[in-house]
Each structure stands twice: as C-alpha cells, then as structure tokens.
file run02.txt (compact mmCIF, C-alpha atoms)
# COMPACT_ATOMS: atom_id res chain seq x y z
CA MET A 1 140.00 102.24 116.10
CA ALA A 2 141.92 105.27 114.87
CA GLY A 3 141.96 108.08 117.40
CA SER A 4 140.96 105.88 120.33
CA ALA A 5 144.33 106.09 122.12
CA ARG A 6 144.28 108.14 125.33
CA LEU A 7 146.57 109.14 128.18
CA PRO A 8 146.42 107.04 131.35
CA GLY A 9 143.72 108.35 133.66
CA ALA A 10 142.05 110.48 130.97
CA PRO A 11 138.28 110.06 130.59
CA VAL A 12 136.98 107.98 127.75
CA VAL A 13 135.33 110.22 125.17
CA GLN A 14 132.48 108.37 123.51
CA PRO A 15 131.68 109.28 119.88
CA HIS A 16 127.98 109.23 120.81
CA PRO A 17 125.98 108.40 123.91
CA PRO A 18 124.24 105.13 124.68
CA ILE A 19 120.50 105.49 124.10
CA ASP A 20 117.74 103.97 126.20
CA VAL A 21 114.35 104.16 124.46
CA LEU A 22 111.30 103.67 126.68
CA VAL A 23 108.22 102.68 124.71
CA ASN A 24 105.03 103.58 126.52
CA ALA A 25 102.52 102.31 123.93
CA VAL A 26 103.42 99.42 121.64
CA GLY A 27 101.60 99.04 118.32
CA ALA A 28 101.80 99.55 114.59
CA TRP A 29 101.70 103.31 115.24
CA SER A 30 105.04 103.13 117.09
CA THR A 31 106.86 101.18 114.36
CA VAL A 32 107.75 104.17 112.19
CA ARG A 33 108.27 106.59 115.04
CA VAL A 34 110.23 104.40 117.45
CA GLN A 35 111.15 100.90 116.33
CA GLN A 36 112.48 101.57 112.84
CA PRO A 37 114.73 104.58 113.54
CA PHE A 38 116.31 103.25 116.71
CA GLU A 39 116.82 99.79 115.26
CA GLY A 40 118.44 101.63 112.33
CA LEU A 41 120.82 103.42 114.69
CA LEU A 42 121.64 100.08 116.30
CA GLN A 43 122.65 98.73 112.89
CA LEU A 44 124.86 101.80 112.39
CA GLY A 45 126.83 100.95 115.51
CA TRP A 46 125.02 102.97 118.16
CA ASP A 47 124.48 101.43 121.59
CA VAL A 48 120.67 101.43 121.64
CA ARG A 49 118.32 99.49 123.88
CA ILE A 50 114.57 99.58 123.31
CA HIS A 51 112.44 98.81 126.38
CA GLU A 52 108.74 97.93 126.14
CA PRO A 53 106.10 97.64 128.90
CA PRO A 54 106.18 96.66 131.64
CA LEU A 55 109.01 99.13 132.25
CA ASP A 56 111.51 98.64 135.06
CA LEU A 57 113.24 102.01 135.15
CA ASN A 58 116.07 100.77 137.35
CA GLN A 59 116.95 98.19 134.71
CA ALA A 60 116.07 100.22 131.63
CA ILE A 61 117.93 103.47 132.31
CA ARG A 62 121.69 103.15 132.31
CA PRO A 63 124.08 105.72 133.82
CA HIS A 64 125.22 108.46 131.41
CA SER A 65 122.63 107.57 128.78
CA LEU A 66 120.38 109.56 126.48
CA VAL A 67 116.87 108.57 127.56
CA ILE A 68 114.10 108.98 124.98
CA TRP A 69 110.70 108.26 126.48
CA GLN A 70 107.69 107.80 124.21
CA ARG A 71 104.43 109.43 125.36
CA PRO A 72 104.48 108.84 129.12
CA VAL A 73 101.44 110.06 131.07
CA PRO A 74 102.44 110.08 134.76
CA GLN A 75 99.95 109.56 137.56
CA SER A 76 100.96 112.79 139.29
CA TRP A 77 103.34 115.72 139.20
CA ALA A 78 105.18 114.38 142.25
CA MET A 79 105.63 110.97 140.65
CA TRP A 80 107.16 112.50 137.51
CA ARG A 81 109.45 114.73 139.56
CA HIS A 82 110.73 111.61 141.36
CA VAL A 83 111.41 109.90 138.02
CA VAL A 84 113.32 112.88 136.61
CA GLN A 85 115.36 113.17 139.81
CA GLY A 86 116.39 109.54 139.38
CA ILE A 87 117.51 110.12 135.80
CA ARG A 88 119.52 113.17 136.86
CA ARG A 89 121.23 111.16 139.60
CA ARG A 90 122.35 108.77 136.87
CA HIS A 91 123.70 111.74 134.85
CA GLY A 92 121.25 111.02 132.07
CA LEU A 93 119.60 113.35 129.59
CA LEU A 94 115.83 112.95 129.22
CA LEU A 95 114.05 113.71 125.93
CA LEU A 96 110.29 113.32 125.82
CA GLU A 97 109.18 111.72 122.55
CA TRP A 98 105.85 113.36 121.64
CA ASP A 99 104.43 113.05 118.14
CA ASP A 100 100.91 114.49 118.31
CA HIS A 101 99.12 117.62 119.45
CA PRO A 102 97.75 117.18 123.01
CA ALA A 103 94.28 118.21 121.83
CA LEU A 104 94.07 115.11 119.58
CA PHE A 105 94.43 112.55 122.34
CA PRO A 106 91.35 110.69 123.61
CA ALA A 107 89.37 112.53 126.30
CA GLU A 108 90.49 110.13 129.02
CA VAL A 109 94.17 110.71 128.23
CA GLN A 110 93.67 114.48 128.06
CA GLN A 111 92.10 114.41 131.52
CA ARG A 112 95.05 112.45 132.90
CA MET A 113 97.50 114.92 131.36
CA GLN A 114 95.60 117.86 132.84
CA ALA A 115 95.46 116.17 136.24
CA CYS A 116 99.27 116.01 136.37
CA GLU A 117 99.54 119.52 134.84
CA HIS A 118 101.36 118.18 131.76
CA ALA A 119 104.36 117.46 133.96
CA GLN A 120 105.99 115.22 131.35
CA LEU A 121 105.93 118.02 128.77
CA GLN A 122 107.46 120.55 131.14
CA MET A 123 109.86 118.81 133.51
CA VAL A 124 112.31 117.27 131.00
CA HIS A 125 115.56 118.39 129.40
CA ALA A 126 113.95 118.76 125.96
CA LEU A 127 111.05 117.58 123.81
CA HIS A 128 111.56 115.22 120.87
CA CYS A 129 108.95 116.02 118.20
CA SER A 130 107.98 114.79 114.76
CA CYS A 131 107.66 118.10 112.85
CA PRO A 132 108.34 121.85 113.19
CA ALA A 133 104.65 122.75 113.52
CA LEU A 134 104.29 120.47 116.53
CA ALA A 135 107.49 121.84 118.05
CA ARG A 136 106.06 125.37 117.81
CA ALA A 137 102.74 124.26 119.31
CA LEU A 138 104.53 122.72 122.31
CA GLU A 139 106.61 125.81 123.06
CA ARG A 140 104.00 126.81 125.65
CA PHE A 141 105.13 123.80 127.67
CA HIS A 142 108.87 123.78 127.03
CA PRO A 143 111.47 126.15 125.49
CA HIS A 144 113.44 123.35 123.80
CA ALA A 145 111.71 121.16 121.21
CA LEU A 146 113.92 119.10 118.92
CA VAL A 147 112.60 117.86 115.58
CA ALA A 148 113.29 114.33 114.33
CA GLU A 149 110.98 113.76 111.38
CA ASN A 150 109.57 110.44 110.27
CA GLY A 151 111.16 108.52 107.42
CA VAL A 152 109.52 105.85 105.32
CA ALA A 153 110.90 102.32 104.99
CA PRO A 154 110.92 100.16 103.02
CA ILE A 155 110.47 101.78 99.60
CA PRO A 156 109.70 98.97 97.11
CA PRO A 157 110.20 99.45 93.35
CA LEU A 158 107.63 101.59 91.54
CA ASN A 159 104.60 99.55 90.43
CA LEU A 160 102.52 101.30 87.77
CA ALA A 161 101.01 98.08 86.45
CA LYS A 162 98.37 98.01 89.16
CA HIS A 163 96.93 101.24 87.75
CA SER A 164 96.02 99.68 84.40
CA GLY A 165 92.44 100.56 83.52
CA ASP A 166 91.13 96.99 83.35
CA ARG A 167 91.55 96.21 87.06
CA PRO A 168 88.86 96.51 89.77
CA LEU A 169 89.69 99.45 92.03
CA ARG A 170 90.61 99.06 95.68
CA VAL A 171 90.37 102.23 97.78
CA PHE A 172 92.24 102.28 101.09
CA LEU A 173 90.83 103.92 104.22
CA GLY A 174 93.00 103.15 107.22
CA ASN A 175 93.40 106.30 109.30
CA LEU A 176 93.39 105.99 113.09
CA ASN A 177 91.24 108.38 115.12
CA ARG A 178 89.49 109.86 112.09
CA LEU A 179 85.90 109.04 113.07
CA ASP A 180 84.63 112.60 112.57
CA GLU A 181 86.25 112.89 109.15
CA HIS A 182 84.94 109.48 108.08
CA ARG A 183 81.40 110.36 109.10
CA GLN A 184 81.55 113.40 106.85
CA LEU A 185 82.69 111.18 103.97
CA LEU A 186 79.92 108.63 104.56
CA PRO A 187 77.17 109.91 102.20
CA ALA A 188 79.53 110.35 99.26
CA LEU A 189 81.22 107.00 99.92
CA ALA A 190 77.86 105.21 100.02
CA ASP A 191 76.84 106.80 96.71
CA TRP A 192 80.14 105.83 95.09
CA LEU A 193 79.90 102.20 96.14
CA ARG A 194 76.29 101.99 94.94
CA ASP A 195 77.14 103.60 91.59
CA ASP A 196 80.26 101.60 90.76
CA PRO A 197 80.28 97.81 91.31
CA ASP A 198 84.04 97.64 90.60
CA ILE A 199 85.02 99.61 93.71
CA THR A 200 86.02 97.95 96.99
CA LEU A 201 86.61 100.06 100.10
CA VAL A 202 89.46 98.55 102.13
CA CYS A 203 89.26 99.58 105.80
CA VAL A 204 91.71 98.98 108.65
CA GLY A 205 90.71 99.43 112.26
CA PRO A 206 87.56 101.18 113.50
CA THR A 207 86.35 103.72 110.96
CA GLY A 208 82.95 104.65 112.34
CA LEU A 209 81.42 103.44 109.06
CA GLU A 210 80.74 99.86 110.14
CA GLY A 211 77.33 98.65 108.96
CA GLN A 212 76.53 101.89 107.14
CA LEU A 213 77.84 101.13 103.64
CA PRO A 214 76.45 98.82 100.91
CA SER A 215 76.78 95.17 101.93
CA GLY A 216 79.63 93.25 100.34
CA ARG A 217 81.46 96.35 99.16
CA VAL A 218 83.71 96.86 102.18
CA GLU A 219 86.75 94.77 103.09
CA GLN A 220 87.24 95.21 106.84
CA HIS A 221 90.49 94.46 108.67
CA PRO A 222 91.50 94.84 112.33
CA LEU A 223 94.52 96.91 113.30
CA LEU A 224 97.48 95.20 111.65
CA ASP A 225 101.16 94.74 112.27
CA TYR A 226 103.11 97.24 110.22
CA PRO A 227 104.41 94.89 107.48
CA ILE A 228 100.89 93.51 106.91
CA TYR A 229 99.45 97.02 106.82
CA ARG A 230 101.98 97.97 104.15
CA GLN A 231 101.11 94.89 102.09
CA LEU A 232 97.42 95.76 102.24
CA LEU A 233 98.14 99.36 101.25
CA ALA A 234 100.16 98.05 98.30
CA SER A 235 97.15 96.03 97.11
CA CYS A 236 95.15 99.25 96.63
CA GLN A 237 95.30 101.81 93.83
CA LEU A 238 93.89 104.73 95.82
CA ALA A 239 94.21 105.92 99.43
CA LEU A 240 91.98 108.51 101.09
CA LEU A 241 93.67 110.71 103.71
CA PRO A 242 90.97 113.03 105.08
CA LEU A 243 92.22 115.46 107.72
CA SER A 244 90.02 118.20 109.18
CA ALA A 245 91.33 121.74 108.96
CA GLY A 246 92.84 123.17 112.12
CA ALA A 247 96.06 123.90 113.98
CA ALA A 248 96.11 120.57 115.80
CA GLN A 249 95.87 118.54 112.57
CA ALA A 250 98.56 120.73 110.99
CA CYS A 251 100.95 119.33 113.60
CA LYS A 252 100.87 115.90 111.99
CA THR A 253 103.44 114.53 109.56
CA PRO A 254 102.81 113.35 105.97
CA ILE A 255 103.93 109.81 106.77
CA LYS A 256 100.66 108.29 105.48
CA TRP A 257 101.26 109.91 102.10
CA LEU A 258 104.89 108.72 102.11
CA GLU A 259 103.81 105.16 102.86
CA ALA A 260 101.26 105.28 100.03
CA ALA A 261 103.89 106.76 97.72
CA ALA A 262 106.32 103.98 98.61
CA GLU A 263 103.64 101.42 97.73
CA SER A 264 102.75 103.13 94.40
CA THR A 265 99.29 104.01 95.70
CA ALA A 266 97.76 107.29 94.54
CA VAL A 267 96.53 109.67 97.25
CA VAL A 268 93.61 112.05 97.69
CA ALA A 269 94.17 114.11 100.84
CA GLY A 270 93.02 117.22 102.62
CA PRO A 271 92.04 119.75 103.59
CA GLU A 272 94.74 120.10 106.27
CA LEU A 273 98.49 119.42 106.12
CA TYR A 274 98.99 117.89 102.69
CA ARG A 275 98.60 120.77 100.25
CA PRO A 276 102.26 121.96 100.17
CA TRP A 277 103.50 118.38 99.92
CA LEU A 278 101.21 117.32 97.09
CA HIS A 279 101.30 120.56 95.09
CA SER A 280 105.05 121.07 95.24
CA THR A 281 105.77 117.57 93.94
CA GLN A 282 102.66 116.99 91.79
CA SER A 283 102.35 113.71 93.65
CA GLY A 284 98.70 113.51 94.66
CA VAL A 285 95.33 115.25 94.70
CA TRP A 286 94.58 117.79 97.40
CA ALA A 287 90.95 118.41 98.36
CA PRO A 288 90.22 121.88 99.84
CA SER A 289 87.37 120.49 101.98
CA LEU A 290 86.24 117.13 103.32
CA GLU A 291 83.18 117.31 101.07
CA GLN A 292 85.45 117.27 98.04
CA VAL A 293 87.59 114.26 99.02
CA VAL A 294 85.33 111.57 97.55
CA PRO A 295 84.41 113.50 94.36
CA ALA A 296 88.13 114.05 93.75
CA ALA A 297 88.77 110.34 94.34
CA ARG A 298 86.05 109.38 91.87
CA ARG A 299 87.62 111.54 89.18
CA LEU A 300 91.05 110.06 89.87
CA ALA A 301 89.63 106.54 89.87
CA ALA A 302 88.36 107.12 86.33
CA ASP A 303 91.75 108.36 85.10
CA PRO A 304 94.38 105.58 85.28
CA GLU A 305 96.86 107.62 83.26
CA LEU A 306 96.76 110.46 85.79
CA ARG A 307 97.10 107.97 88.64
CA GLN A 308 100.26 106.60 87.05
CA GLN A 309 101.65 110.11 86.61
CA LEU A 310 100.94 111.15 90.21
CA THR A 311 102.20 107.84 91.57
CA GLY A 312 105.47 108.16 89.69
CA HIS A 313 106.05 111.67 91.07
CA ALA A 314 105.16 110.55 94.57
CA HIS A 315 107.43 107.54 94.48
CA ARG A 316 110.37 109.74 93.46
CA ALA A 317 109.52 112.24 96.21
CA ALA A 318 109.49 109.46 98.80
CA GLN A 319 113.14 108.71 98.05
CA HIS A 320 114.05 112.02 99.72
CA HIS A 321 112.13 111.15 102.88
CA GLY A 322 113.37 107.61 103.43
CA LEU A 323 114.51 106.29 106.79
CA THR A 324 118.13 106.19 105.61
CA GLU A 325 118.11 109.93 104.92
CA GLN A 326 116.46 110.68 108.26
CA LEU A 327 119.01 108.61 110.17
CA VAL A 328 121.81 110.91 108.98
CA TRP A 329 120.02 113.83 110.64
CA ARG A 330 119.14 111.90 113.79
CA GLN A 331 122.75 110.92 114.42
CA GLU A 332 123.88 114.54 114.28
CA LEU A 333 120.94 115.64 116.41
CA TYR A 334 121.70 113.17 119.20
CA ARG A 335 125.42 113.93 119.17
CA HIS A 336 124.66 117.64 119.38
CA VAL A 337 122.11 117.43 122.18
CA TRP A 338 124.45 115.21 124.19
CA ARG A 339 127.16 117.88 123.95
CA LEU A 340 124.61 120.32 125.34
CA ARG A 341 123.73 118.08 128.28
CA PRO A 342 125.39 120.25 131.00
CA ALA A 343 123.69 123.41 129.75
CA LEU A 344 120.31 121.73 129.36
CA ASP A 345 120.56 120.31 132.87
CA ARG A 346 121.39 123.74 134.32
CA GLN A 347 118.39 125.23 132.56
CA LEU A 348 116.16 122.42 133.80
CA LEU A 349 117.17 123.22 137.39
CA GLN A 350 116.57 126.92 136.81
CA ARG A 351 113.00 126.14 135.72
CA TRP A 352 112.39 123.51 138.40
CA PRO A 353 114.73 124.01 141.41
CA GLU A 354 112.88 121.29 143.32
CA LEU A 355 114.61 118.70 141.10
CA ALA A 356 117.82 119.36 143.04
CA GLU A 357 116.14 118.09 146.20
CA GLY A 358 116.24 114.45 147.23

call {"tool": "encode", "arguments": {"input": "run02.txt", "output": "structure tokens"}}
result
Amino acid sequence: MAGSARLPGAPVVQPHPPIDVLVNAVGAWSTVRVQQPFEGLLQLGWDVRIHEPPLDLNQAIRPHSLVIWQRPVPQSWAMWRHVVQGIRRRHGLLLLEWDDHPALFPAEVQQRMQACEHAQLQMVHALHCSCPALARALERFHPHALVAENGVAPIPPLNLAKHSGDRPLRVFLGNLNRLDEHRQLLPALADWLRDDPDITLVCVGPTGLEGQLPSGRVEQHPLLDYPIYRQLLASCQLALLPLSAGAAQACKTPIKWLEAAAESTAVVAGPELYRPWLHSTQSGVWAPSLEQVVPAARRLAADPELRQQLTGHAHRAAQHHGLTEQLVWRQELYRHVWRLRPALDRQLLQRWPELAEG
C-alpha cells in the first residue's frame, strides 16, 4: 500500500483504529443503529468485530481498540468503574452508544440506572448518540457527546403503483413503546375501521389496542426481523407515526419516516419531532396533536394523488439520509475521536481520579 513504508523501529501508524462493538440488546431495533453501520464499515475495510450476548469482555475487547458499547446498564457503580479500568489498561477508548432519552426507558430499567447513578453515562471517554437533541439532553451526564445519525438501507425503487385508487388500503402501525399514544388514537381508529370496510390496520408488536378494534379488521404480527418488517411496511400505503409532544420524544430520530419513505409508504406523523422534516421536504402530513393523526390519515387515504406526490418527495429525501452517506461521516468521526484519545483519557481521569487506581 502506498505510504506504508516506515523506518525500522518506528511505530506502525494505523489509518483507523480497530473497533469492538458490544451489543447489549439484540433485536430488530439494533439493526439500523448497530448492525448495519458497523457491518458497512467492515465492508469498507475497517477492522470491526461485533460481539453479542453473552459478552466475554476479556475476549471481546482488544488492546488499542475503539470500544463502542450499546446501552449497558451496570449492576453497580463499582462494577462499571472496574470495567472502565480494564479498558484503560488495554489502552482502549470507550464510547457509550446511547440512542434514547433516559426518561423513555421502562420503569425497571430506569430504576437500575438510578441505582448505579447513571455510571455508564458518566464514566466513559465520550457518548455516542443518534441526534443533536439527544446529545444536548445528555450533557448533564457527560461533556462530550458525539453524534452519529441513523441512515436508512436499503432504499428500493420508488413504487407509486400501490397508491392507485382502486386498491384496498393497508395502514401500518408498528411503533415500539407507544402504548399511551395508541390509546389516544383508539376511538378514532375504531370509527375509521367501522366506517370504511376497505381499510386494514397492520400492527407489529404490542400496541395496546389488542381486542379493542372491530373484529377482522386488524392484521396482527409479532416483533419481526428487520427485513421482514421492511417487507410488511412496503405492503402498506400509509404509516401512522404518533409521537407525544415533549423534550424526551424530541430526542428521537426520524428513522421510521425514512424507512417508510424508502418503501414508498406515505406518512402521517406528529405532534413531536417530525414537523421540520415533513414540512421542509413536503414529504408527509404532520398532525399538530394526537387527536388529529387519524383524521389527517383519513383525508390522505381518500386522496391517492396526494399520496403519490408526498411519497415521491419523501423517497427523494431519503436518498440524502441513506446508510452510504452516513458511513462517510462515521469514518471521519471515528478517525477524529481516535486522534483525541490521549486528551479524552486525561479528561476522564480529571473527572474520575479513582480510575487511575487498581
């Protein structure tokens, strides 16, 4: 390789560090955030190893590696300190992958995080977040929060044919941990299904609506592997993305809209997060309140020409948020943070001198 020659005894300068990714929770939710980008870096020539539970840290963490750990919740502060000390002894750099606001985790997980005083969010070299809003929200835990946004893949060709007016309408509802939002949609959804026999509500995972909607009008699926989820989304013409207003929900990413856009599925979303994305690109319908999500969807369902127009805009917008584009940024981000490793380690010791012990 050009430029690889070196003087005898000189240290080998790697173009980028080896990366060890520790996956704490495996599922369809980790595909976009963890599996796809790091497998993409592997295909681009990076030395990446992805480790899934059960984790053997002695085997998983190599010397002089960039360690990216997805959502760990340690049993205690002392246990986490011991782990970080081990990574430092190996001259590693630890980034904590965290892609959701702490207030949105289940109560049991929140209690565990509070019991260990959010050690994992504080005693690391830097945080590895999914959007700027989340990075700002986590500044109370850590001064350094890096942003690596989600990219959508694959992006199939645009399919406007499924929006022809003579087809029965399939409406997708597959949002994890949206029970409160779904309950607020329930009365309007029930009315819609009773009024229109050509509508099928396609649900994935627990929605909180089980047994409460007209019989035979709901197609229920368990949580699916990511490729199957994408195929099911592609079979629908509309997707509902209800998201309650509030700072915690604003820390999410628009990946659900991007996935729908990639599958030529029109979106009705709101009231939180989506307005700037949908308005700036004219690529979906934004509802200013949860009460307006279903009425807006009913209007869009009755207008196939508008669905085609919005879907076309959304599909073009998705091209700018594809995984390929995001990988360009991630490569530069990881090279840069690795160059900062000595400074970040000094700052970590300044914040937590006890890490130098043992």

call {"tool": "closest_residue", "arguments": {"input": "run02.txt", "among": "A:Ala269, A:Leu355, A:Leu160, A:Leu340", "to": "A:Pro254", "atoms": "all atoms listed in the file"}}
result
A:Ala269

call {"tool": "closest_atom_pairs", "arguments": {"input": "run02.txt", "of": "stretch 87-142 of chain A", "to": "stretch 31-53 of chain A", "cutoff": "10 Å", "atoms": "all atoms listed in the file", "output": "Markdown table"}}
result
| residue | atom | partner | partner_atom | distance |
| --- | --- | --- | --- | --- |
| A:Glu97 | CA | A:Val34 | CA | 9.0 |
| A:Trp98 | CA | A:Arg33 | CA | 9.8 |
| A:Asp99 | CA | A:Arg33 | CA | 8.1 |
| A:Cys129 | CA | A:Arg33 | CA | 10.0 |
| A:Ser130 | CA | A:Arg33 | CA | 8.2 |

call {"tool": "residues_around", "arguments": {"input": "run02.txt", "residues": "stretch 346-348 of chain A", "least_positions_apart": "5", "cutoff": "12 Å", "atoms": "only C-alpha atoms", "output": "list in words"}}
result
Arg81, Val84, Gln85, Arg88, Leu93, Leu94, Leu95, Gln122, Met123, Val124, His125, Ala126, His142, Pro143, His144, Leu340, Arg341, Pro353, Glu354, Leu355 and Ala356 of chain A

call {"tool": "axis_aligned_box", "arguments": {"input": "run02.txt", "around": "stretch 209-216 of chain A", "padding_each_side": "4 Å", "output": "lines of an AutoDock Vina configuration file"}}
result
center_x = 78.9
center_y = 98.3
center_z = 105.2
size_x = 13.0
size_y = 18.2
size_z = 17.8

call {"tool": "closest_residue", "arguments": {"input": "run02.txt", "among": "A:Phe105, A:Trp352, A:Phe172, A:Tyr229", "to": "A:Val268", "atoms": "all atoms listed in the file"}}
result
A:Phe172

call {"tool": "closest_residue", "arguments": {"input": "run02.txt", "among": "A:Lys252, A:His221, A:His182, A:Arg316", "to": "A:Val294", "atoms": "all atoms listed in the file"}}
result
A:His182

call {"tool": "residues_around", "arguments": {"input": "run02.txt", "residues": "A:Ser264", "least_positions_apart": "5", "cutoff": "6 Å", "atoms": "all atoms listed in the file", "output": "PDB file with C-alpha atoms, keeping the file's coordinate frame"}}
result
ATOM      1  CA  LEU A 158     107.630 101.590  91.540  1.00  0.00           C
ATOM      2  CA  ASN A 159     104.600  99.550  90.430  1.00  0.00           C
ATOM      3  CA  THR A 311     102.200 107.840  91.570  1.00  0.00           C
TER       4      THR A 311
END

call {"tool": "decode", "arguments": {"input": "run02.txt", "residues": "stretch 46-106 of chain A", "atoms": "C-alpha atoms", "output": "compact mmCIF listing (two decimals), in the first residue's frame"}}
result
# COMPACT_ATOMS: atom_id res chain seq x y z
CA TRP A 46 -12.30 -1.34 8.73
CA ASP A 47 -11.31 -3.93 11.32
CA VAL A 48 -14.67 -4.30 13.09
CA ARG A 49 -15.87 -7.06 15.39
CA ILE A 50 -19.45 -7.14 16.64
CA HIS A 51 -19.98 -9.04 19.90
CA GLU A 52 -23.43 -10.13 21.09
CA PRO A 53 -24.53 -11.53 24.49
CA PRO A 54 -23.28 -13.31 26.40
CA LEU A 55 -20.32 -10.93 26.43
CA ASP A 56 -16.85 -12.05 27.48
CA LEU A 57 -15.05 -8.74 27.86
CA ASN A 58 -11.61 -10.35 28.00
CA GLN A 59 -12.22 -11.87 24.57
CA ALA A 60 -14.27 -9.04 23.07
CA ILE A 61 -12.09 -6.03 23.86
CA ARG A 62 -8.78 -5.99 22.04
CA PRO A 63 -5.79 -3.82 23.05
CA HIS A 64 -5.69 -0.37 21.42
CA SER A 65 -9.25 -0.60 20.13
CA LEU A 66 -12.16 1.80 19.88
CA VAL A 67 -14.85 0.20 22.05
CA ILE A 68 -18.45 1.15 21.29
CA TRP A 69 -20.84 -0.32 23.84
CA GLN A 70 -24.58 -0.30 23.17
CA ARG A 71 -26.83 0.57 26.13
CA PRO A 72 -25.11 -1.18 29.04
CA VAL A 73 -26.82 -0.93 32.43
CA PRO A 74 -24.25 -1.99 35.05
CA GLN A 75 -25.22 -3.61 38.33
CA SER A 76 -23.32 -1.02 40.36
CA TRP A 77 -21.04 1.99 40.16
CA ALA A 78 -18.11 -0.07 41.43
CA MET A 79 -18.67 -2.74 38.78
CA TRP A 80 -18.65 -0.15 35.98
CA ARG A 81 -15.52 1.50 37.37
CA HIS A 82 -13.78 -1.90 37.27
CA VAL A 83 -14.82 -2.38 33.63
CA VAL A 84 -13.56 1.05 32.57
CA GLN A 85 -10.27 0.49 34.40
CA GLY A 86 -9.81 -2.70 32.40
CA ILE A 87 -10.41 -0.91 29.10
CA ARG A 88 -7.93 1.82 30.06
CA ARG A 89 -5.30 -0.79 30.90
CA ARG A 90 -5.72 -2.08 27.36
CA HIS A 91 -5.24 1.49 26.04
CA GLY A 92 -8.74 1.48 24.61
CA LEU A 93 -11.17 4.31 24.05
CA LEU A 94 -14.71 3.70 25.31
CA LEU A 95 -17.74 5.30 23.64
CA LEU A 96 -21.15 4.63 25.12
CA GLU A 97 -23.74 4.07 22.39
CA TRP A 98 -26.99 5.59 23.68
CA ASP A 99 -29.88 6.29 21.31
CA ASP A 100 -32.82 7.27 23.51
CA HIS A 101 -33.68 9.70 26.29
CA PRO A 102 -33.29 8.02 29.72
CA ALA A 103 -36.85 9.05 30.65
CA LEU A 104 -38.26 6.83 27.87
CA PHE A 105 -36.86 3.56 29.17
CA PRO A 106 -39.14 1.12 31.01
